[in-house]
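One file, entry_35.tsv, carrying TSV, N, CA and C atoms:
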```tsv
chain	number	residue	atom	x	y	z
A	1	MET	N	87.37	102.30	111.58
A	1	MET	CA	86.63	101.28	110.87
A	1	MET	C	86.56	101.68	109.39
A	2	LYS	N	86.63	100.68	108.54
A	2	LYS	CA	86.60	100.92	107.10
A	2	LYS	C	85.60	99.97	106.45
A	3	ALA	N	84.84	100.48	105.49
A	3	ALA	CA	83.89	99.66	104.73
A	3	ALA	C	84.43	99.50	103.32
A	4	ILE	N	84.23	98.32	102.75
A	4	ILE	CA	84.69	98.03	101.40
A	4	ILE	C	83.55	97.36	100.64
A	5	VAL	N	83.30	97.83	99.42
A	5	VAL	CA	82.27	97.23	98.57
A	5	VAL	C	82.96	96.52	97.42
A	6	ASP	N	82.63	95.25	97.23
A	6	ASP	CA	83.14	94.49	96.08
A	6	ASP	C	82.27	94.85	94.88
A	7	ALA	N	82.78	95.72	94.04
A	7	ALA	CA	82.01	96.23	92.90
A	7	ALA	C	81.61	95.13	91.92
A	8	ASP	N	82.39	94.07	91.85
A	8	ASP	CA	82.07	92.97	90.94
A	8	ASP	C	80.85	92.18	91.41
A	9	GLU	N	80.59	92.22	92.71
A	9	GLU	CA	79.47	91.47	93.27
A	9	GLU	C	78.21	92.33	93.48
A	10	CYS	N	78.37	93.63	93.59
A	10	CYS	CA	77.26	94.54	93.87
A	10	CYS	C	76.22	94.48	92.76
A	11	THR	N	74.95	94.36	93.16
A	11	THR	CA	73.85	94.32	92.18
A	11	THR	C	73.14	95.67	92.07
A	12	GLY	N	73.55	96.65	92.87
A	12	GLY	CA	72.95	97.97	92.79
A	12	GLY	C	71.58	98.07	93.41
A	13	CYS	N	71.28	97.27	94.42
A	13	CYS	CA	69.95	97.27	95.03
A	13	CYS	C	69.69	98.51	95.88
A	14	GLU	N	70.74	99.21	96.26
A	14	GLU	CA	70.68	100.45	97.04
A	14	GLU	C	70.28	100.26	98.50
A	15	LEU	N	70.21	99.04	99.00
A	15	LEU	CA	69.84	98.81	100.39
A	15	LEU	C	70.86	99.46	101.33
A	16	CYS	N	72.13	99.37	101.01
A	16	CYS	CA	73.16	99.96	101.87
A	16	CYS	C	73.03	101.49	101.92
A	17	VAL	N	72.68	102.09	100.80
A	17	VAL	CA	72.51	103.55	100.75
A	17	VAL	C	71.31	103.96	101.60
A	18	GLN	N	70.26	103.17	101.56
A	18	GLN	CA	69.07	103.46	102.37
A	18	GLN	C	69.37	103.26	103.86
A	19	THR	N	70.17	102.26	104.18
A	19	THR	CA	70.48	101.93	105.57
A	19	THR	C	71.51	102.88	106.16
A	20	CYS	N	72.51	103.26	105.36
A	20	CYS	CA	73.61	104.07	105.88
A	20	CYS	C	74.07	105.08	104.82
A	21	PRO	N	73.27	106.12	104.59
A	21	PRO	CA	73.60	107.10	103.56
A	21	PRO	C	74.83	107.95	103.87
A	22	ASP	N	75.27	107.96	105.13
A	22	ASP	CA	76.48	108.71	105.47
A	22	ASP	C	77.74	108.03	104.95
A	23	VAL	N	77.65	106.74	104.67
A	23	VAL	CA	78.83	105.98	104.24
A	23	VAL	C	78.75	105.54	102.78
A	24	PHE	N	77.55	105.16	102.32
A	24	PHE	CA	77.41	104.61	100.97
A	24	PHE	C	76.66	105.54	100.04
A	25	GLU	N	77.02	105.49	98.77
A	25	GLU	CA	76.30	106.20	97.73
A	25	GLU	C	76.38	105.38	96.45
A	26	MET	N	75.51	105.70	95.51
A	26	MET	CA	75.50	104.99	94.24
A	26	MET	C	76.33	105.75	93.20
A	27	GLU	N	77.09	105.00	92.43
A	27	GLU	CA	77.90	105.57	91.37
A	27	GLU	C	77.84	104.60	90.19
A	28	ASP	N	77.21	105.03	89.10
A	28	ASP	CA	77.05	104.16	87.93
A	28	ASP	C	76.37	102.85	88.29
A	29	ASP	N	75.30	102.92	89.10
A	29	ASP	CA	74.50	101.76	89.51
A	29	ASP	C	75.25	100.77	90.39
A	30	ILE	N	76.34	101.18	90.99
A	30	ILE	CA	77.11	100.35	91.91
A	30	ILE	C	77.32	101.14	93.20
A	31	ALA	N	77.19	100.48	94.34
A	31	ALA	CA	77.42	101.14	95.61
A	31	ALA	C	78.91	101.39	95.80
A	32	VAL	N	79.24	102.55	96.33
A	32	VAL	CA	80.61	102.89	96.66
A	32	VAL	C	80.64	103.51	98.05
A	33	VAL	N	81.81	103.48	98.67
A	33	VAL	CA	82.00	104.07	99.98
A	33	VAL	C	82.44	105.51	99.78
A	34	LYS	N	81.83	106.43	100.52
A	34	LYS	CA	82.09	107.86	100.34
A	34	LYS	C	83.48	108.30	100.79
A	35	GLY	N	83.98	107.77	101.88
A	35	GLY	CA	85.26	108.25	102.42
A	35	GLY	C	86.20	107.12	102.76
A	36	ASP	N	87.35	107.49	103.33
A	36	ASP	CA	88.35	106.50	103.69
A	36	ASP	C	87.99	105.72	104.94
A	37	SER	N	87.23	106.35	105.84
A	37	SER	CA	86.85	105.66	107.06
A	37	SER	C	85.40	105.98	107.41
A	38	VAL	N	84.81	105.11	108.19
A	38	VAL	CA	83.41	105.25	108.60
A	38	VAL	C	83.36	106.18	109.81
A	39	PRO	N	82.56	107.24	109.75
A	39	PRO	CA	82.41	108.10	110.93
A	39	PRO	C	81.89	107.31	112.12
A	40	GLY	N	82.39	107.62	113.30
A	40	GLY	CA	82.01	106.89	114.50
A	40	GLY	C	80.51	106.78	114.71
A	41	ALA	N	79.79	107.83	114.42
A	41	ALA	CA	78.35	107.83	114.62
A	41	ALA	C	77.61	106.93	113.63
A	42	SER	N	78.28	106.52	112.57
A	42	SER	CA	77.64	105.69	111.53
A	42	SER	C	78.07	104.23	111.57
A	43	GLU	N	78.91	103.87	112.52
A	43	GLU	CA	79.44	102.50	112.55
A	43	GLU	C	78.35	101.44	112.68
A	44	GLU	N	77.39	101.66	113.56
A	44	GLU	CA	76.32	100.67	113.75
A	44	GLU	C	75.50	100.50	112.47
A	45	ASP	N	75.12	101.61	111.84
A	45	ASP	CA	74.36	101.54	110.59
A	45	ASP	C	75.17	100.89	109.49
A	46	CYS	N	76.46	101.14	109.47
A	46	CYS	CA	77.33	100.55	108.45
A	46	CYS	C	77.40	99.03	108.62
A	47	ARG	N	77.53	98.58	109.85
A	47	ARG	CA	77.55	97.13	110.12
A	47	ARG	C	76.21	96.50	109.71
A	48	GLN	N	75.12	97.20	109.99
A	48	GLN	CA	73.80	96.70	109.61
A	48	GLN	C	73.70	96.58	108.09
A	49	ALA	N	74.19	97.58	107.37
A	49	ALA	CA	74.17	97.54	105.90
A	49	ALA	C	74.96	96.35	105.38
A	50	ALA	N	76.10	96.08	105.98
A	50	ALA	CA	76.92	94.95	105.55
A	50	ALA	C	76.21	93.63	105.82
A	51	GLU	N	75.59	93.52	106.98
A	51	GLU	CA	74.88	92.29	107.35
A	51	GLU	C	73.67	92.04	106.46
A	52	GLU	N	72.98	93.12	106.06
A	52	GLU	CA	71.75	92.97	105.29
A	52	GLU	C	71.96	92.93	103.78
A	53	CYS	N	73.18	93.15	103.32
A	53	CYS	CA	73.44	93.13	101.88
A	53	CYS	C	73.05	91.77	101.31
A	54	PRO	N	72.14	91.74	100.33
A	54	PRO	CA	71.65	90.47	99.82
A	54	PRO	C	72.70	89.63	99.08
A	55	VAL	N	73.76	90.26	98.59
A	55	VAL	CA	74.81	89.50	97.89
A	55	VAL	C	76.12	89.49	98.68
A	56	GLU	N	76.08	90.00	99.93
A	56	GLU	CA	77.22	89.98	100.84
A	56	GLU	C	78.49	90.57	100.22
A	57	CYS	N	78.34	91.72	99.56
A	57	CYS	CA	79.49	92.33	98.90
A	57	CYS	C	80.16	93.43	99.71
A	58	ILE	N	79.67	93.66	100.94
A	58	ILE	CA	80.26	94.69	101.80
A	58	ILE	C	81.05	94.00	102.91
A	59	SER	N	82.29	94.42	103.04
A	59	SER	CA	83.10	93.90	104.15
A	59	SER	C	83.52	95.07	105.04
A	60	ILE	N	83.75	94.75	106.30
A	60	ILE	CA	84.11	95.74	107.31
A	60	ILE	C	85.48	95.38	107.88
A	61	GLU	N	86.37	96.38	107.96
A	61	GLU	CA	87.67	96.21	108.61
A	61	GLU	C	87.69	97.12	109.82
A	62	ASP	N	88.00	96.55	110.98
A	62	ASP	CA	88.05	97.36	112.21
A	62	ASP	C	89.38	98.00	112.43
```
Please re-express this file's structure in structure tokens.
Amino acid sequence: MKAIVDADECTGCELCVQTCPDVFEMEDDIAVVKGDSVPGASEEDCRQAAEECPVECISIED
């Protein structure tokens, strides 16, 4: 599974970082994905972060 953040749409609210800190971090006030793939143990939290993103800038590829 892979997570992608659309940096042009991200508002820097940090909700994804709070929801899934194993996958997301802030860089210059924009959320970024830490690695190339989402660790298996973090998949559920990652999906939750994508669903709860207020500007829907996180997409998930299975």
Name the residues in contact with Asp45 (chain A) at a cut-off of 6.5 Å, using all atoms listed in the file, excluding same-chain residues fewer than 5 positions from it; report them as a VMD selection string.
chain A and resid 19 to 20 50
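Residues of chain A assigned to strand (DSSP E or B) by DSSP on this structure's backbone: A:Lys2, A:Ala3, A:Ile4, A:Val5, A:Phe24, A:Glu25, A:Met26, A:Glu27, A:Ile30, A:Ala31, A:Val32, A:Val33, A:Ile58, A:Ser59, A:Ile60, A:Glu61.
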Using only N, CA and C atoms, can you tell me which of A:Ile58, A:Met1, A:Leu15, A:Met26 comes closest to Glu43 (chain A)?
A:Met1
Write out as a PyMOL selection string each polymer residue whose atoms come within 8 Å of Ile60 (chain A), counting all atoms listed in the file; drop sequence neighbours fewer than 6 positions from it.
chain A and resi 1-5+46-47+50
Which of chain A fall in helix (DSSP H, G or I), as a list of chain:residue names:
A:Leu15, A:Cys16, A:Val17, A:Gln18, A:Thr19, A:Gly40, A:Ala41, A:Ser42, A:Glu43, A:Glu44, A:Asp45, A:Cys46, A:Arg47, A:Gln48, A:Ala49, A:Ala50, A:Glu51, A:Glu52
Measuring between only N, CA and C atoms, which one of A:Thr11, A:Glu61, A:Glu56, A:Glu51 shows the shortest distance to Ala31 (chain A)?
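Closest to Ala31 (chain A), using only N, CA and C atoms: A:Thr11.
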